[in-house]
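So this one's final-v9.cif, mmCIF, C-alpha atoms and all ligand atoms:
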```cif
data_my_file
#
loop_
_atom_site.label_atom_id
_atom_site.label_comp_id
_atom_site.auth_asym_id
_atom_site.auth_seq_id
_atom_site.Cartn_x
_atom_site.Cartn_y
_atom_site.Cartn_z
CA MET M 26 -0.61 11.33 -29.29
CA SER M 27 3.03 12.45 -29.16
CA ALA M 28 5.55 11.45 -26.49
CA GLY M 29 4.85 13.41 -23.35
CA GLY M 30 1.10 13.63 -23.96
CA ILE M 31 -1.47 12.80 -21.30
CA SER M 32 -3.49 9.61 -21.64
CA ALA M 33 -6.75 8.91 -19.81
CA ASP M 34 -5.36 5.96 -17.92
CA ALA M 35 -3.62 7.51 -14.94
CA HIS M 36 -4.36 4.50 -12.70
CA VAL M 37 -1.90 2.50 -14.78
CA ALA M 38 1.65 3.18 -13.59
CA VAL M 39 3.31 1.63 -16.65
CA ARG M 40 2.00 0.35 -19.93
CA LEU M 41 3.97 -1.10 -22.83
CA SER M 42 1.89 -1.77 -25.94
CA GLY M 43 3.09 -3.72 -28.95
CA VAL M 44 6.71 -3.00 -28.15
CA GLU M 45 9.45 -4.42 -30.31
CA LYS M 46 13.15 -3.98 -29.71
CA ARG M 47 15.89 -5.35 -31.93
CA PHE M 48 19.65 -5.26 -31.56
CA GLY M 49 20.97 -6.03 -35.04
CA HIS M 50 19.54 -9.42 -35.93
CA ILE M 51 18.54 -10.18 -32.31
CA THR M 52 14.92 -9.52 -31.38
CA ALA M 53 15.04 -8.75 -27.67
CA LEU M 54 11.33 -7.88 -27.32
CA ASP M 55 8.63 -9.02 -29.67
CA HIS M 56 4.97 -7.88 -29.53
CA PHE M 57 5.55 -7.09 -25.89
CA ASP M 58 2.51 -5.89 -23.89
CA LEU M 59 2.61 -5.18 -20.18
CA GLU M 60 0.49 -3.21 -17.74
CA LEU M 61 1.33 -2.31 -14.15
CA PRO M 62 -1.61 -1.03 -12.06
CA SER M 63 -0.63 1.89 -9.80
CA GLY M 64 0.56 0.85 -6.36
CA SER M 65 1.30 -2.75 -7.34
CA MET M 66 4.48 -4.79 -7.60
CA LEU M 67 5.30 -6.90 -10.61
CA ALA M 68 8.16 -9.34 -11.09
CA LEU M 69 9.54 -9.93 -14.57
CA LEU M 70 10.76 -13.51 -14.41
CA GLY M 71 12.47 -15.46 -17.14
CA PRO M 72 15.62 -17.21 -18.28
CA SER M 73 18.78 -15.35 -19.16
CA GLY M 74 18.50 -13.46 -22.43
CA CYS M 75 14.67 -13.46 -22.60
CA GLY M 76 14.56 -9.64 -22.61
CA LYS M 77 13.86 -8.68 -18.98
CA THR M 78 16.54 -6.00 -18.69
CA THR M 79 15.68 -4.62 -22.13
CA ALA M 80 12.08 -4.13 -20.96
CA LEU M 81 13.29 -2.21 -17.87
CA ARG M 82 15.66 -0.10 -19.95
CA LEU M 83 12.85 0.86 -22.31
CA ILE M 84 10.68 1.98 -19.39
CA ALA M 85 13.57 3.94 -17.86
CA GLY M 86 14.37 5.58 -21.19
CA PHE M 87 17.84 4.10 -21.70
CA GLU M 88 16.61 2.43 -24.90
CA ARG M 89 14.01 3.38 -27.51
CA PRO M 90 11.45 0.96 -28.95
CA ASP M 91 11.54 0.06 -32.67
CA ALA M 92 7.77 -0.26 -32.57
CA GLY M 93 5.01 0.24 -30.00
CA THR M 94 4.62 2.71 -27.16
CA VAL M 95 5.65 3.10 -23.52
CA GLU M 96 3.52 5.01 -20.99
CA VAL M 97 4.52 5.96 -17.44
CA GLY M 98 1.97 7.43 -15.00
CA GLY M 99 -0.52 8.05 -17.79
CA ARG M 100 1.98 9.89 -20.02
CA ARG M 101 3.28 8.49 -23.25
CA VAL M 102 7.06 8.61 -22.85
CA ALA M 103 8.23 6.68 -25.89
CA SER M 104 7.18 5.72 -29.37
CA PRO M 105 9.45 5.01 -32.35
CA GLY M 106 9.62 8.68 -33.33
CA ALA M 107 9.75 10.37 -29.93
CA SER M 108 11.19 9.82 -26.48
CA VAL M 109 11.05 11.66 -23.15
CA PRO M 110 14.56 11.67 -21.60
CA PRO M 111 15.11 9.39 -18.57
CA GLU M 112 15.35 12.25 -16.05
CA ARG M 113 11.89 13.53 -17.04
CA ARG M 114 10.09 10.19 -16.91
CA ARG M 115 9.34 10.07 -13.16
CA VAL M 116 11.01 6.68 -12.98
CA GLY M 117 13.32 5.60 -10.12
CA VAL M 118 15.95 2.97 -10.76
CA VAL M 119 17.71 0.71 -8.25
CA PHE M 120 20.73 -0.76 -9.98
CA GLN M 121 22.13 -4.21 -9.34
CA ASP M 122 25.28 -2.79 -7.71
CA PHE M 123 23.21 -0.05 -5.97
CA ALA M 124 25.42 2.64 -7.61
CA LEU M 125 25.65 4.84 -4.49
CA PHE M 126 27.79 7.97 -4.70
CA PRO M 127 30.89 6.86 -2.78
CA HIS M 128 31.86 10.38 -1.64
CA LEU M 129 28.40 11.20 -0.28
CA SER M 130 26.99 10.16 3.10
CA VAL M 131 23.82 8.11 3.50
CA ARG M 132 21.81 11.30 3.98
CA GLN M 133 23.38 13.07 0.99
CA ASN M 134 22.80 10.02 -1.22
CA VAL M 135 19.13 9.90 -0.31
CA ALA M 136 18.76 13.68 -0.79
CA TYR M 137 20.55 13.72 -4.14
CA GLY M 138 17.49 13.54 -6.41
CA ILE M 139 15.57 16.21 -4.46
CA ARG M 140 18.38 18.62 -3.63
CA ARG M 141 16.35 21.61 -4.92
CA ASP M 142 13.19 20.60 -3.08
CA PRO M 143 12.39 23.03 -0.20
CA ASP M 144 10.95 20.14 1.84
CA ARG M 145 14.03 18.05 1.26
CA ASP M 146 15.06 17.56 4.89
CA VAL M 147 11.62 16.42 6.00
CA ARG M 148 11.38 14.01 3.08
CA VAL M 149 14.84 12.55 3.74
CA ASP M 150 14.01 12.02 7.43
CA GLU M 151 10.81 10.27 6.43
CA LEU M 152 12.64 7.99 4.02
CA LEU M 153 15.45 7.16 6.46
CA GLU M 154 12.77 6.17 8.92
CA LEU M 155 10.99 4.07 6.28
CA VAL M 156 14.12 2.10 5.39
CA GLY M 157 15.34 1.83 8.98
CA LEU M 158 18.48 3.94 8.61
CA ARG M 159 17.83 6.72 11.13
CA GLY M 160 21.06 7.02 13.07
CA ASP M 161 23.19 5.87 10.12
CA GLU M 162 22.72 9.00 8.09
CA ARG M 163 26.27 10.31 8.48
CA ARG M 164 27.91 7.07 7.50
CA MET M 165 29.62 6.64 4.13
CA PRO M 166 28.69 3.89 1.62
CA HIS M 167 31.90 1.90 2.20
CA GLU M 168 31.00 1.62 5.90
CA LEU M 169 27.67 -0.07 5.16
CA SER M 170 26.71 -3.72 4.74
CA GLY M 171 25.24 -4.86 1.41
CA GLY M 172 21.75 -4.82 2.86
CA MET M 173 22.16 -1.27 4.18
CA GLN M 174 23.50 -0.11 0.84
CA GLN M 175 20.45 -1.56 -0.82
CA ARG M 176 18.17 0.31 1.56
CA VAL M 177 19.97 3.58 0.80
CA ALA M 178 19.54 2.90 -2.92
CA ILE M 179 15.83 2.29 -2.42
CA ALA M 180 15.38 5.43 -0.32
CA ARG M 181 17.24 7.46 -2.94
CA ALA M 182 15.01 6.08 -5.71
CA LEU M 183 11.84 6.78 -3.66
CA ALA M 184 12.82 10.36 -2.77
CA PRO M 185 11.39 12.20 -5.83
CA ARG M 186 8.13 10.21 -5.53
CA PRO M 187 8.46 8.51 -8.91
CA ASP M 188 5.50 6.94 -10.71
CA VAL M 189 7.37 3.65 -10.74
CA ILE M 190 10.55 2.14 -9.34
CA LEU M 191 12.50 -0.30 -11.45
CA LEU M 192 14.78 -2.81 -9.71
CA ASP M 193 17.18 -4.93 -11.74
CA GLU M 194 18.04 -8.16 -9.88
CA PRO M 195 17.90 -6.29 -6.55
CA PHE M 196 19.29 -9.15 -4.48
CA SER M 197 21.98 -10.53 -6.75
CA ASN M 198 24.83 -8.90 -4.85
CA LEU M 199 23.71 -10.16 -1.46
CA ASP M 200 24.35 -13.43 0.29
CA GLN M 201 21.61 -16.01 0.71
CA ALA M 202 20.58 -15.28 4.32
CA LEU M 203 20.42 -11.56 3.65
CA ARG M 204 18.41 -12.06 0.46
CA THR M 205 15.69 -13.88 2.33
CA GLN M 206 15.46 -11.19 5.00
CA LEU M 207 15.58 -8.31 2.53
CA ARG M 208 12.87 -9.72 0.31
CA ALA M 209 10.36 -9.27 3.09
CA GLU M 210 11.81 -5.86 3.99
CA LEU M 211 11.75 -4.57 0.43
CA ARG M 212 8.16 -5.66 -0.02
CA GLN M 213 7.15 -3.87 3.17
CA ILE M 214 9.05 -0.68 2.32
CA LEU M 215 7.44 -0.48 -1.13
CA ARG M 216 4.02 -1.29 0.34
CA ASP M 217 4.33 1.37 3.04
CA ALA M 218 5.32 3.90 0.39
CA HIS M 219 2.37 2.80 -1.87
CA GLN M 220 4.99 2.54 -4.55
CA SER M 221 4.45 0.93 -7.96
CA ALA M 222 7.45 -1.22 -8.78
CA ILE M 223 8.77 -3.64 -11.37
CA PHE M 224 11.67 -5.87 -10.57
CA VAL M 225 13.61 -8.24 -12.73
CA THR M 226 14.74 -11.60 -11.51
CA HIS M 227 15.86 -15.04 -12.67
CA ASP M 228 14.81 -16.43 -9.33
CA GLN M 229 11.32 -17.88 -9.08
CA GLY M 230 11.41 -17.86 -5.26
CA GLU M 231 12.08 -14.14 -5.28
CA ALA M 232 9.33 -13.48 -7.82
CA LEU M 233 6.73 -15.57 -6.03
CA THR M 234 7.41 -14.17 -2.57
CA ILE M 235 7.63 -10.45 -3.34
CA ALA M 236 5.38 -9.62 -6.26
CA ASP M 237 1.62 -9.10 -6.44
CA ARG M 238 1.82 -10.39 -9.98
CA VAL M 239 4.47 -12.27 -11.89
CA ALA M 240 5.09 -11.91 -15.62
CA VAL M 241 6.87 -14.99 -16.96
CA MET M 242 8.87 -14.18 -20.09
CA ALA M 243 10.34 -16.36 -22.80
CA ARG M 244 12.10 -15.30 -25.98
CA GLY M 245 11.12 -11.63 -25.82
CA ARG M 246 7.46 -12.23 -25.06
CA ILE M 247 5.28 -12.56 -22.01
CA GLU M 248 3.88 -16.07 -21.63
CA GLN M 249 1.64 -15.30 -18.66
CA VAL M 250 0.98 -12.51 -16.15
CA ALA M 251 -0.89 -13.50 -13.01
CA ALA M 252 -0.78 -13.66 -9.21
CA PRO M 253 2.02 -15.95 -7.93
CA GLU M 254 -0.46 -18.64 -6.80
CA VAL M 255 -2.10 -18.69 -10.22
CA ILE M 256 1.25 -18.90 -12.03
CA TYR M 257 2.10 -21.96 -9.91
CA ALA M 258 -1.28 -23.72 -9.89
CA GLU M 259 -2.67 -22.73 -13.28
CA PRO M 260 0.22 -22.11 -15.66
CA ARG M 261 -1.00 -21.43 -19.18
CA THR M 262 1.85 -23.09 -21.03
CA PRO M 263 4.29 -25.95 -20.49
CA PHE M 264 7.05 -23.34 -20.40
CA VAL M 265 5.52 -21.54 -17.40
CA ALA M 266 4.70 -24.86 -15.68
CA THR M 267 8.27 -26.09 -15.90
CA PHE M 268 9.99 -22.76 -15.30
CA VAL M 269 8.15 -22.06 -12.05
CA GLY M 270 8.33 -24.89 -9.54
CA VAL M 271 8.97 -28.56 -10.16
CA ALA M 272 6.69 -29.94 -12.83
CA ASN M 273 5.86 -33.46 -13.94
CA LEU M 274 4.03 -33.48 -17.26
CA LEU M 275 2.24 -36.80 -17.45
CA PRO M 276 0.46 -38.08 -20.55
CA ALA M 277 -3.31 -38.08 -20.06
CA GLU M 278 -6.53 -38.60 -21.98
CA CYS M 279 -8.87 -35.70 -21.30
CA ARG M 280 -12.63 -35.62 -21.54
CA GLY M 281 -15.21 -33.29 -20.04
CA GLY M 282 -12.81 -31.59 -17.61
CA ILE M 283 -11.22 -34.82 -16.33
CA ALA M 284 -7.73 -35.99 -17.25
CA GLN M 285 -7.18 -39.74 -17.00
CA THR M 286 -3.55 -40.38 -16.10
CA ARG M 287 -1.78 -43.69 -15.46
CA LEU M 288 -2.30 -43.00 -11.74
CA GLY M 289 -5.99 -42.18 -12.00
CA PRO M 290 -8.21 -39.21 -12.82
CA VAL M 291 -7.49 -35.59 -12.02
CA THR M 292 -9.92 -32.69 -12.24
CA LEU M 293 -8.98 -29.94 -14.67
CA ILE M 294 -9.26 -26.32 -13.60
CA GLY M 295 -8.99 -23.08 -15.54
CA ALA M 296 -11.27 -21.59 -18.15
CA PRO M 297 -13.26 -24.18 -20.16
CA ASP M 298 -11.49 -23.20 -23.38
CA ARG M 299 -8.18 -24.02 -21.70
CA ARG M 300 -9.19 -27.58 -20.82
CA PRO M 301 -8.03 -29.83 -23.63
CA GLU M 302 -9.96 -32.78 -25.05
CA GLY M 303 -8.16 -35.94 -26.11
CA ARG M 304 -4.45 -36.55 -25.66
CA ALA M 305 -2.69 -34.04 -23.47
CA LEU M 306 -0.08 -33.59 -20.78
CA SER M 307 -1.34 -33.09 -17.26
CA LEU M 308 0.67 -31.05 -14.79
CA LEU M 309 1.41 -32.87 -11.54
CA ARG M 310 3.46 -31.18 -8.85
CA PRO M 311 5.51 -33.26 -6.36
CA GLU M 312 2.99 -32.53 -3.60
CA HIS M 313 0.19 -34.05 -5.69
CA PHE M 314 1.47 -37.59 -4.99
CA LEU M 315 0.97 -39.89 -2.04
CA VAL M 316 4.07 -42.01 -1.65
CA ARG M 317 4.46 -45.16 0.40
CA GLU M 318 7.12 -47.79 0.64
CA ALA M 319 6.38 -50.85 -1.50
CA PRO M 320 5.73 -53.97 0.59
CA ASP M 321 8.49 -56.60 0.82
CA GLY M 322 8.21 -59.61 -1.44
CA PRO M 323 7.93 -59.91 -5.21
CA VAL M 324 8.22 -56.61 -7.02
CA SER M 325 4.80 -55.46 -8.16
CA ALA M 326 4.24 -54.10 -11.64
CA GLN M 327 2.99 -50.90 -9.97
CA ALA M 328 6.19 -50.27 -8.06
CA TRP M 329 8.35 -47.29 -8.87
CA GLN M 330 12.03 -47.21 -8.04
CA VAL M 331 13.82 -44.29 -6.39
CA ILE M 332 16.55 -43.06 -8.75
CA ALA M 333 17.44 -39.69 -7.20
CA ARG M 334 16.94 -37.98 -3.89
CA GLN M 335 17.10 -34.31 -3.12
CA PHE M 336 17.32 -32.97 0.39
CA SER M 337 16.76 -29.28 1.09
CA GLY M 338 16.13 -29.17 4.83
CA SER M 339 12.39 -28.98 5.22
CA GLU M 340 11.65 -30.90 2.06
CA ILE M 341 12.76 -34.14 0.45
CA LEU M 342 12.02 -34.83 -3.16
CA LEU M 343 12.46 -38.25 -4.70
CA GLU M 344 12.75 -38.94 -8.37
CA VAL M 345 11.09 -42.26 -9.09
CA ARG M 346 10.93 -44.35 -12.22
CA ALA M 347 8.28 -46.82 -13.38
CA PRO M 348 9.25 -50.09 -15.10
CA ASP M 349 8.30 -48.53 -18.47
CA GLY M 350 10.68 -45.62 -17.95
CA GLN M 351 8.21 -42.90 -16.87
CA ARG M 352 9.85 -40.74 -14.24
CA VAL M 353 8.34 -38.26 -11.81
CA TRP M 354 9.49 -36.10 -8.92
CA VAL M 355 7.47 -36.65 -5.75
CA GLU M 356 7.51 -35.09 -2.30
CA ALA M 357 8.41 -37.55 0.44
CA GLY M 358 6.99 -37.00 3.90
CA GLY M 359 6.87 -39.02 7.13
CA GLN M 360 8.38 -42.53 6.99
CA VAL M 361 9.21 -42.18 3.33
CA ARG M 362 11.80 -39.49 4.11
CA ARG M 363 14.39 -42.15 4.88
CA LEU M 364 14.02 -43.99 1.56
CA ALA M 365 17.20 -44.36 -0.44
CA ILE M 366 18.13 -44.76 -4.04
CA GLY M 367 17.11 -48.20 -5.30
CA ASP M 368 14.17 -48.53 -2.87
CA ARG M 369 10.73 -49.22 -4.29
CA VAL M 370 7.63 -47.13 -3.70
CA GLU M 371 3.99 -47.11 -4.65
CA LEU M 372 2.34 -43.92 -5.82
CA ARG M 373 -1.19 -42.68 -5.65
CA LEU M 374 -2.61 -39.31 -6.55
CA ARG M 375 -4.16 -37.03 -4.00
CA ASP M 376 -7.45 -35.38 -4.84
CA VAL M 377 -5.84 -33.17 -7.44
CA GLU M 378 -7.12 -30.19 -9.36
CA THR M 379 -4.69 -29.13 -12.00
CA VAL M 380 -4.23 -28.10 -15.62
CA ALA M 381 -3.42 -30.03 -18.77
CA PHE M 382 -1.81 -28.90 -21.99
CA ALA M 383 -2.78 -29.84 -25.51
CA PRO M 384 0.29 -31.08 -27.44
CA SER M 385 0.11 -27.94 -29.62
CA LEU M 386 0.80 -25.65 -26.66
CA GLY M 387 4.48 -25.20 -27.19
CA ILE M 388 7.66 -26.13 -25.45
CA ALA M 389 8.75 -26.74 -21.92
CA ALA M 390 11.42 -24.59 -20.30
CA PRO M 391 14.97 -25.94 -20.55
CA THR M 392 15.23 -28.01 -17.41
CA GLY M 393 16.54 -26.17 -14.40
CA SER M 394 16.57 -22.91 -16.33
CA GLY M 395 15.98 -19.73 -14.49
CA HIS M 396 16.80 -21.29 -11.18
CA ARG M 397 19.75 -19.75 -9.51
CA GLU M 398 22.12 -21.88 -7.54
CA GLY M 399 21.52 -21.44 -3.85
CA ALA M 400 18.23 -19.61 -4.27
CA LEU M 401 15.85 -20.29 -1.41
CA ALA M 402 12.79 -21.42 -3.31
CA GLY M 403 14.52 -21.74 -6.66
CA ARG M 404 16.09 -25.04 -7.52
CA ALA M 405 19.45 -25.06 -9.09
CA LYS M 406 20.07 -27.30 -12.03
CA PRO M 407 21.47 -30.71 -11.21
CA PRO M 408 24.82 -31.47 -12.78
CA ASP M 409 24.25 -32.27 -16.44
CA ASP M 410 26.08 -35.54 -16.32
CA GLN M 411 23.77 -36.86 -13.62
CA ARG M 412 20.68 -37.23 -15.69
CA GLU M 413 19.24 -37.17 -19.14
CA GLN M 414 17.90 -33.78 -20.13
CA PRO M 415 15.33 -33.00 -22.75
CA PRO M 416 16.84 -30.79 -25.45
CA PRO M 417 16.68 -27.16 -24.30
CA GLY M 418 13.80 -25.48 -26.00
CA GLY M 419 13.07 -28.62 -27.99
CA PRO M 420 9.59 -29.50 -29.11
CA LEU M 421 7.15 -31.05 -26.71
CA ARG M 422 7.02 -34.74 -27.50
CA SER M 423 4.95 -37.53 -26.13
CA ALA M 424 7.59 -40.01 -24.93
CA PRO M 425 7.20 -40.06 -21.15
CA GLU M 426 10.81 -39.33 -20.31
CA ASP M 427 10.64 -36.05 -22.19
CA HIS M 428 7.95 -34.50 -20.01
CA HIS M 429 9.85 -34.14 -16.93
CA ALA M 430 11.48 -31.20 -15.30
CA PRO M 431 13.95 -32.32 -12.68
CA PRO M 432 14.32 -30.01 -9.78
CA ALA M 433 17.69 -29.11 -8.51
CA ASN M 434 19.01 -29.07 -5.13
CA GLU M 435 21.05 -28.22 -2.22
CA THR M 436 21.94 -31.92 -1.92
CA LEU M 437 21.28 -34.27 -4.76
CA GLU M 438 22.12 -37.93 -4.86
CA THR M 439 21.47 -39.68 -8.08
CA VAL M 440 22.75 -42.94 -9.44
CA GLU M 441 21.42 -45.59 -11.72
CA PRO M 442 19.99 -48.16 -9.31
CA PRO M 443 20.53 -51.84 -9.96
CA VAL M 444 17.82 -53.36 -12.12
CA HIS M 445 16.16 -56.21 -10.25
P1 LIG V 1 19.84 -11.67 -18.16
O1 LIG V 1 18.89 -12.26 -17.19
O2 LIG V 1 20.94 -12.60 -18.54
O3 LIG V 1 20.31 -10.30 -17.77
P2 LIG V 1 17.73 -10.63 -19.81
O4 LIG V 1 16.51 -11.46 -19.78
O5 LIG V 1 17.73 -9.40 -18.98
O6 LIG V 1 19.01 -11.51 -19.53
P3 LIG V 1 18.39 -8.86 -21.96
O7 LIG V 1 19.62 -8.34 -21.31
O8 LIG V 1 17.22 -7.95 -22.03
O9 LIG V 1 17.95 -10.25 -21.35
O10 LIG V 1 18.79 -9.30 -23.45
C1 LIG V 1 17.83 -9.81 -24.39
C2 LIG V 1 18.57 -10.12 -25.68
O11 LIG V 1 19.02 -8.90 -26.28
C3 LIG V 1 19.80 -10.98 -25.48
O12 LIG V 1 19.94 -11.82 -26.59
C4 LIG V 1 20.92 -9.96 -25.44
O13 LIG V 1 22.13 -10.53 -25.90
C5 LIG V 1 20.42 -8.90 -26.41
N1 LIG V 1 20.91 -7.55 -26.08
C6 LIG V 1 20.56 -6.84 -25.00
N2 LIG V 1 21.17 -5.62 -25.02
C7 LIG V 1 21.92 -5.59 -26.14
C8 LIG V 1 22.78 -4.60 -26.74
N3 LIG V 1 22.97 -3.41 -26.18
N4 LIG V 1 23.39 -4.94 -27.91
C9 LIG V 1 23.17 -6.14 -28.49
N5 LIG V 1 22.38 -7.09 -28.00
C10 LIG V 1 21.76 -6.84 -26.82
#
```

Could you render the structure from this file as structure tokens?
Ligand code: ATP
Amino acid sequence: MSAGGISADAHVAVRLSGVEKRFGHITALDHFDLELPSGSMLALLGPSGCGKTTALRLIAGFERPDAGTVEVGGRRVASPGASVPPERRRVGVVFQDFALFPHLSVRQNVAYGIRRDPDRDVRVDELLELVGLRGDERRMPHELSGGMQQRVAIARALAPRPDVILLDEPFSNLDQALRTQLRAELRQILRDAHQSAIFVTHDQGEALTIADRVAVMARGRIEQVAAPEVIYAEPRTPFVATFVGVANLLPAECRGGIAQTRLGPVTLIGAPDRRPEGRALSLLRPEHFLVREAPDGPVSAQAWQVIARQFSGSEILLEVRAPDGQRVWVEAGGQVRRLAIGDRVELRLRDVETVAFAPSLGIAAPTGSGHREGALAGRAKPPDDQREQPPPGGPLRSAPEDHHAPPANETLETVEPPVH
């Protein structure tokens, strides 16, 4: 079928099949497949340079694929030999800097894409209502706050009723408090408009809170697409596990759906063919541990020592190290909140259901990658000189200290405690 043809699958807002995109010797997208059901919201999440923006640009029509096809609203809009121009794709774009027309009022900006539509005034009123800007319609862009500018940009993109809206890092120009508020607002606006949307972000907190599904990307490919809860609880690869949330990858011996770790057994979840047998790495999140202060007296062989402490208001994470060097990040609640670096703790596992990875399953994310400084749920990378880091993108190895993704922090203390 040529570009512009009708496909049978009109309930799919966007589909990319087998897409490849190269820039000289750089492969930005490689065997890239993605499907967005109509009316849903998808976040493309991944580290810098993994190809997120290239994917959006291919959907919008600003780039052409070297191989594969792009469909929007059931129409094929691009293949290597043919391409529908951006203005005929029924795609709305909200740019990072909002790109409002500075000489046009709020109302004129929103009306811009439908200026020849006889029902324009009714539609603009409806959209101003939807984004909460009734009463501000005569104001000029320079008179608006960042959040208001974003809402104008969204209303403008929604006006022609596109098949999909693409948002490139929609919150990156806004301060932290505003980002948190606008995440919820944006989700509601898009929901109320029954609008299919794809947005690009580095920030896992943003992706997990807004999207119906999250596509985690690495090196031009999608590693996993799933609901946010599934991405967090049942990541399919070490990369996804360590990129989203704080992950401890603990060596384990797996048999019959149970992973035996040094702290006891954990039940494996996920499809049977995804439960490894034999040596593996089990994923343990900080909330999977029960932590209590070690009793006074001689140091027990089971005691772990606190070597870093991260405070982020509601949550305290402790990095603790066993005598053999194994380190894990654990969540500290109750009495344990006041523990300091050098203190000793005992760990037990809660009744955990989690996943484990066979050693062949690839690499972990570079530690702290993808987490923007100051992001609400994201964890910024701790200063490099404060801890040992596994080599970015290096192979997954079995030495315990390599399977460890330190979180980052609003406040991080970390020192080498005295060895007793
Ligand atoms: P970021 O989060 O930093 O914006 P990204 O995940 O959006 O990154 P892309 O911008 O899609 O990544 O880039 C993917 C790769 O393709 C990178 O290596 C980038 O340098 C390269 N690339 C993108 N656009 C071009 C271009 N026009 N010319 C050359 N290389 C490009």

Got a sec to check which residues lie within 7 Å of ligand LIG 1 (chain V), using only C-alpha atoms and all ligand atoms, and send them as a PyMOL selection string?
-> chain M and resi 48-49+51-53+71-80+227

Do you know which residues are at most 6 Å from Leu54 (chain M) counting all atoms listed in the file, after dropping those on the same chain fewer than 4 positions away, and could you put them as a PyMOL selection string?
-> chain M and resi 45-46+76+245

Between CA of Phe224 (chain M) and CA of Gln133 (chain M) - distance in Å to one decimal |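 Separation of CA of Gln133 (chain M) and CA of Phe224 (chain M): 25.1 Å.
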
Spatial neighbours of Arg287 (chain M), 12 Å, only C-alpha atoms, chain gap at least 6 places, as a VMD selection string = chain M and resid 274 to 278 306 to 307 309 327 347 349 351 372 to 374 425

Write out as a list in words the residues lying within 12 Å of Ala124 (chain M), counting only C-alpha atoms and excluding same-chain residues fewer than 2 positions away.
-> Val118, Val119, Phe120, Gln121, Asp122, Phe126, Pro127, His128, Leu129, Asn134, Pro166, His167, Gly171, Gln174, Gln175, Arg176, Val177, Ala178, Ile179, Arg181, Ala182, Asp193, Pro195 and Asn198 of chain M

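If you measure from each of M:Val291, M:Val239, M:Ile214, M:Ala266 to Leu69 (chain M) using all atoms listed in the file, the closest one turns out to be M:Val239.
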
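CA of Leu199 (chain M) to CA of Phe336 (chain M) spans 23.8 Å [interatomic distance, one decimal].
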